[in-house]
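A short worksheet on the structure shown next.
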Amino acid sequence: MLRVIYKQKDDSSQQLEIPDDAQSVMKAAVNNRVKGIIGECGGVMQCATCHVYVDEDIADSLPPISDQEDEMLEGVATERTEHSRLSCQLFCSTVPVEELTVYVPETQY
Ligand code: FES
């Protein structure tokens, strides 16, 4: 079980408990109508509308960014930082903490 806190630019947040290890942070957000995470391609790394920023202290513990994710992150709508990830590539089973905070960018387009 992973708890994900989705923080918005306006300081509001939504917290989800995700029981399915195979689910991604994007899919859980879309299923629960979290504002600002679109996931237009369904998670096959073709849209980059699932961009999030992760906390600095967890960034290095997450699975490494693949070449395809890296390429897609080049096209995100808001500034890419060293903490940028595609939330469709963050699967609950691969997040090594019980609680993950992600920061939703202002826009995905
Ligand atoms: S959902 Fe399309 S790249 Fe993540």
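Here, A, B, ... name the chains of the structure tokens in the order displayed, residue numbers run from 1 inside each chain, and ligands are numbered from 1 in the same displayed order.
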
*Go through the chains and note each residue within 8 Å of ligand 1, using only C-alpha atoms and all ligand atoms, then give the set as a list in words.*
Met26, Ile38, Gly39, Glu40, Cys41, Gly42, Gly43, Val44, Met45, Gln46, Cys47, Ala48, Thr49, Cys50, His51, Glu69, Met72, Leu86, Ser87, Cys88 and Gln89 of chain A

File dump, residues just selected, N, CA, C and O atoms, as a short mmCIF file (atom, residue, chain, number, x, y, z; two decimals), in the first residue's frame:
```cif
data_model
loop_
_atom_site.label_atom_id
_atom_site.label_comp_id
_atom_site.auth_asym_id
_atom_site.auth_seq_id
_atom_site.Cartn_x
_atom_site.Cartn_y
_atom_site.Cartn_z
N MET A 26 0.19 7.92 -11.81
CA MET A 26 -0.69 8.58 -12.78
C MET A 26 -2.07 7.95 -12.79
O MET A 26 -3.08 8.63 -12.73
N ILE A 38 -3.19 14.47 -16.34
CA ILE A 38 -4.08 14.13 -17.45
C ILE A 38 -3.89 12.67 -17.89
O ILE A 38 -4.84 11.93 -18.04
N GLY A 39 -2.67 12.29 -18.14
CA GLY A 39 -2.39 10.91 -18.56
C GLY A 39 -3.06 10.54 -19.88
O GLY A 39 -3.61 9.46 -20.03
N GLU A 40 -2.94 11.46 -20.81
CA GLU A 40 -3.64 11.34 -22.08
C GLU A 40 -3.34 10.04 -22.85
O GLU A 40 -4.22 9.46 -23.47
N CYS A 41 -2.12 9.55 -22.79
CA CYS A 41 -1.76 8.36 -23.57
C CYS A 41 -2.01 7.07 -22.80
O CYS A 41 -1.76 5.98 -23.32
N GLY A 42 -2.47 7.19 -21.59
CA GLY A 42 -2.77 5.99 -20.81
C GLY A 42 -1.56 5.36 -20.15
O GLY A 42 -1.65 4.28 -19.58
N GLY A 43 -0.41 6.00 -20.27
CA GLY A 43 0.76 5.50 -19.57
C GLY A 43 1.81 4.85 -20.45
O GLY A 43 2.68 4.14 -19.93
N VAL A 44 1.75 5.10 -21.74
CA VAL A 44 2.73 4.48 -22.64
C VAL A 44 3.81 5.47 -23.11
O VAL A 44 4.45 5.27 -24.14
N MET A 45 4.01 6.51 -22.32
CA MET A 45 5.06 7.50 -22.57
C MET A 45 4.98 8.14 -23.95
O MET A 45 5.97 8.24 -24.68
N GLN A 46 3.79 8.61 -24.29
CA GLN A 46 3.62 9.29 -25.56
C GLN A 46 3.06 10.71 -25.39
O GLN A 46 2.83 11.38 -26.39
N CYS A 47 2.80 11.15 -24.16
CA CYS A 47 2.12 12.44 -24.04
C CYS A 47 2.79 13.43 -23.07
O CYS A 47 2.68 14.62 -23.25
N ALA A 48 3.40 12.93 -22.04
CA ALA A 48 4.03 13.77 -20.99
C ALA A 48 3.03 14.64 -20.23
O ALA A 48 3.42 15.63 -19.62
N THR A 49 1.75 14.28 -20.26
CA THR A 49 0.76 15.05 -19.51
C THR A 49 0.55 14.48 -18.09
O THR A 49 -0.45 14.76 -17.44
N CYS A 50 1.51 13.70 -17.67
CA CYS A 50 1.46 13.14 -16.31
C CYS A 50 2.66 13.62 -15.51
O CYS A 50 3.01 13.03 -14.49
N HIS A 51 3.28 14.70 -15.99
CA HIS A 51 4.49 15.23 -15.36
C HIS A 51 4.23 15.64 -13.91
O HIS A 51 3.23 16.29 -13.61
N GLU A 69 11.61 7.84 -21.06
CA GLU A 69 11.06 8.83 -20.11
C GLU A 69 11.86 10.12 -20.20
O GLU A 69 11.29 11.21 -20.23
N MET A 72 10.77 12.06 -23.20
CA MET A 72 9.46 12.68 -23.04
C MET A 72 9.52 13.86 -22.07
O MET A 72 8.82 14.86 -22.23
N LEU A 86 7.74 11.34 -14.94
CA LEU A 86 6.44 11.01 -15.50
C LEU A 86 5.76 10.11 -14.48
O LEU A 86 6.29 9.03 -14.15
N SER A 87 4.61 10.53 -13.99
CA SER A 87 3.96 9.74 -12.93
C SER A 87 3.45 8.40 -13.43
O SER A 87 3.18 7.50 -12.64
N CYS A 88 3.34 8.25 -14.75
CA CYS A 88 2.92 6.94 -15.29
C CYS A 88 4.04 5.91 -15.17
O CYS A 88 3.81 4.72 -15.38
N GLN A 89 5.23 6.37 -14.86
CA GLN A 89 6.36 5.45 -14.72
C GLN A 89 6.72 5.20 -13.27
O GLN A 89 7.70 4.51 -12.97
#
```

*Write down as a PyMOL selection string the residues of stretch 1-108 of chain A whose backbone DSSP state falls under strand (DSSP E).*
chain A and resi 2-7+13-18+51-54+84-86+99-103

*Within 12 Å of stretch 5-14 of chain A, counting only C-alpha atoms, which residues qualify if same-chain residues fewer than 2 places away don't, as an NGL selection string?*
:A and (2-3 or 16-18 or 25-26 or 28-30 or 32-37 or 50-55 or 87 or 98-107)

Requested write-out: N, CA, C and O atoms of the selected residues, as a tab-separated table (two decimals), in the first residue's frame:
```tsv
chain	number	residue	atom	x	y	z
A	2	LEU	N	0.61	2.11	-0.94
A	2	LEU	CA	1.36	3.37	-1.01
A	2	LEU	C	0.38	4.52	-0.81
A	2	LEU	O	-0.70	4.53	-1.39
A	3	ARG	N	0.77	5.47	0.02
A	3	ARG	CA	-0.02	6.68	0.17
A	3	ARG	C	0.66	7.76	-0.68
A	3	ARG	O	1.86	7.99	-0.56
A	16	LEU	N	-4.20	9.91	-1.59
A	16	LEU	CA	-4.80	8.64	-2.00
A	16	LEU	C	-4.03	7.48	-1.38
A	16	LEU	O	-2.80	7.53	-1.30
A	17	GLU	N	-4.75	6.47	-0.98
A	17	GLU	CA	-4.12	5.22	-0.56
A	17	GLU	C	-4.25	4.28	-1.76
A	17	GLU	O	-5.37	4.03	-2.23
A	18	ILE	N	-3.16	3.78	-2.25
A	18	ILE	CA	-3.19	2.93	-3.44
A	18	ILE	C	-2.82	1.50	-3.04
A	18	ILE	O	-1.66	1.21	-2.77
A	25	VAL	N	1.28	5.98	-10.21
A	25	VAL	CA	0.86	7.22	-9.56
A	25	VAL	C	-0.05	8.02	-10.50
A	25	VAL	O	-0.99	8.67	-10.06
A	26	MET	N	0.19	7.92	-11.81
A	26	MET	CA	-0.69	8.58	-12.78
A	26	MET	C	-2.07	7.95	-12.79
A	26	MET	O	-3.08	8.63	-12.73
A	28	ALA	N	-3.68	6.11	-10.65
A	28	ALA	CA	-4.45	6.37	-9.43
A	28	ALA	C	-5.00	7.79	-9.45
A	28	ALA	O	-6.16	8.02	-9.07
A	29	ALA	N	-4.20	8.73	-9.92
A	29	ALA	CA	-4.65	10.13	-9.98
A	29	ALA	C	-5.82	10.28	-10.95
A	29	ALA	O	-6.82	10.92	-10.63
A	30	VAL	N	-5.68	9.70	-12.12
A	30	VAL	CA	-6.73	9.82	-13.13
A	30	VAL	C	-8.02	9.15	-12.63
A	30	VAL	O	-9.11	9.71	-12.75
A	32	ASN	N	-9.04	8.87	-9.75
A	32	ASN	CA	-9.62	9.62	-8.63
A	32	ASN	C	-9.74	11.12	-8.94
A	32	ASN	O	-9.91	11.93	-8.04
A	33	ARG	N	-9.65	11.44	-10.21
A	33	ARG	CA	-9.85	12.81	-10.68
A	33	ARG	C	-8.97	13.84	-9.97
A	33	ARG	O	-9.44	14.92	-9.57
A	34	VAL	N	-7.73	13.49	-9.80
A	34	VAL	CA	-6.80	14.47	-9.25
A	34	VAL	C	-6.54	15.53	-10.31
A	34	VAL	O	-6.17	15.21	-11.45
A	35	LYS	N	-6.75	16.77	-9.92
A	35	LYS	CA	-6.61	17.88	-10.85
A	35	LYS	C	-5.17	17.97	-11.37
A	35	LYS	O	-4.22	17.82	-10.61
A	36	GLY	N	-5.04	18.20	-12.67
A	36	GLY	CA	-3.73	18.52	-13.23
A	36	GLY	C	-2.92	17.33	-13.71
A	36	GLY	O	-1.85	17.50	-14.26
A	37	ILE	N	-3.40	16.12	-13.49
A	37	ILE	CA	-2.70	14.95	-14.03
A	37	ILE	C	-3.63	14.35	-15.09
A	37	ILE	O	-4.70	13.85	-14.76
A	50	CYS	N	1.51	13.70	-17.67
A	50	CYS	CA	1.46	13.14	-16.31
A	50	CYS	C	2.66	13.62	-15.51
A	50	CYS	O	3.01	13.03	-14.49
A	51	HIS	N	3.28	14.70	-15.99
A	51	HIS	CA	4.49	15.23	-15.36
A	51	HIS	C	4.23	15.64	-13.91
A	51	HIS	O	3.23	16.29	-13.61
A	52	VAL	N	5.12	15.25	-13.02
A	52	VAL	CA	5.09	15.70	-11.63
A	52	VAL	C	6.52	15.99	-11.18
A	52	VAL	O	7.48	15.56	-11.82
A	53	TYR	N	6.61	16.70	-10.07
A	53	TYR	CA	7.90	16.89	-9.40
A	53	TYR	C	7.86	16.07	-8.12
A	53	TYR	O	6.84	16.05	-7.43
A	54	VAL	N	8.96	15.40	-7.83
A	54	VAL	CA	9.04	14.62	-6.59
A	54	VAL	C	9.94	15.33	-5.59
A	54	VAL	O	10.74	16.19	-5.96
A	55	ASP	N	9.80	14.95	-4.33
A	55	ASP	CA	10.64	15.54	-3.29
A	55	ASP	C	12.11	15.21	-3.52
A	55	ASP	O	12.44	14.10	-3.93
A	87	SER	N	4.61	10.53	-13.99
A	87	SER	CA	3.96	9.74	-12.93
A	87	SER	C	3.45	8.40	-13.43
A	87	SER	O	3.18	7.50	-12.64
A	98	GLU	N	6.55	4.48	2.18
A	98	GLU	CA	5.11	4.25	2.37
A	98	GLU	C	4.29	5.47	1.95
A	98	GLU	O	3.10	5.36	1.68
A	99	GLU	N	4.95	6.62	1.93
A	99	GLU	CA	4.23	7.84	1.57
A	99	GLU	C	5.08	8.64	0.58
A	99	GLU	O	6.26	8.89	0.83
A	100	LEU	N	4.46	9.02	-0.51
A	100	LEU	CA	5.15	9.77	-1.55
A	100	LEU	C	4.39	11.07	-1.80
A	100	LEU	O	3.18	11.05	-1.98
A	101	THR	N	5.12	12.16	-1.81
A	101	THR	CA	4.50	13.44	-2.17
A	101	THR	C	4.94	13.82	-3.58
A	101	THR	O	6.13	13.77	-3.89
A	102	VAL	N	3.96	14.14	-4.41
A	102	VAL	CA	4.29	14.64	-5.74
A	102	VAL	C	3.65	16.02	-5.91
A	102	VAL	O	2.59	16.29	-5.36
A	103	TYR	N	4.33	16.86	-6.65
A	103	TYR	CA	3.88	18.24	-6.87
A	103	TYR	C	3.40	18.35	-8.31
A	103	TYR	O	4.16	18.07	-9.25
A	104	VAL	N	2.15	18.71	-8.45
A	104	VAL	CA	1.52	18.78	-9.78
A	104	VAL	C	1.85	20.13	-10.40
A	104	VAL	O	1.65	21.18	-9.76
A	105	PRO	N	2.38	20.15	-11.62
A	105	PRO	CA	2.70	21.42	-12.25
A	105	PRO	C	1.45	22.23	-12.58
A	105	PRO	O	0.35	21.69	-12.63
A	106	GLU	N	1.66	23.51	-12.86
A	106	GLU	CA	0.56	24.42	-13.14
A	106	GLU	C	-0.25	23.98	-14.35
A	106	GLU	O	-1.46	24.13	-14.40
A	107	THR	N	0.44	23.45	-15.34
A	107	THR	CA	-0.25	23.02	-16.56
A	107	THR	C	0.48	21.84	-17.17
A	107	THR	O	1.68	21.64	-16.92
```

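Distances to A:Ala77 were evaluated for A:Gln108, A:Gln23, A:Val4, A:Leu90 using only C-alpha atoms, and the minimum falls at A:Gln108.
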
_For the alpha helix (DSSP H) assignment from backbone DSSP, which residues of chain A qualify? Please present them as a list in words._
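Assigned to alpha helix (DSSP H), within chain A: Val25, Met26, Lys27, Ala28, Ala29, Val30, Asn31, Glu56, Asp57, Ile58, Ala59, Asp67, Gln68, Glu69, Asp70, Glu71, Met72 and Leu73 of chain A.
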
*asked:* Between A:Leu62, A:Ser24, A:Tyr109, A:Pro19, which residue has the minimum interatomic distance to A:Val76, considering only C-alpha atoms?
replied: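 With only C-alpha atoms as the atom set, the closest residue is A:Tyr109.
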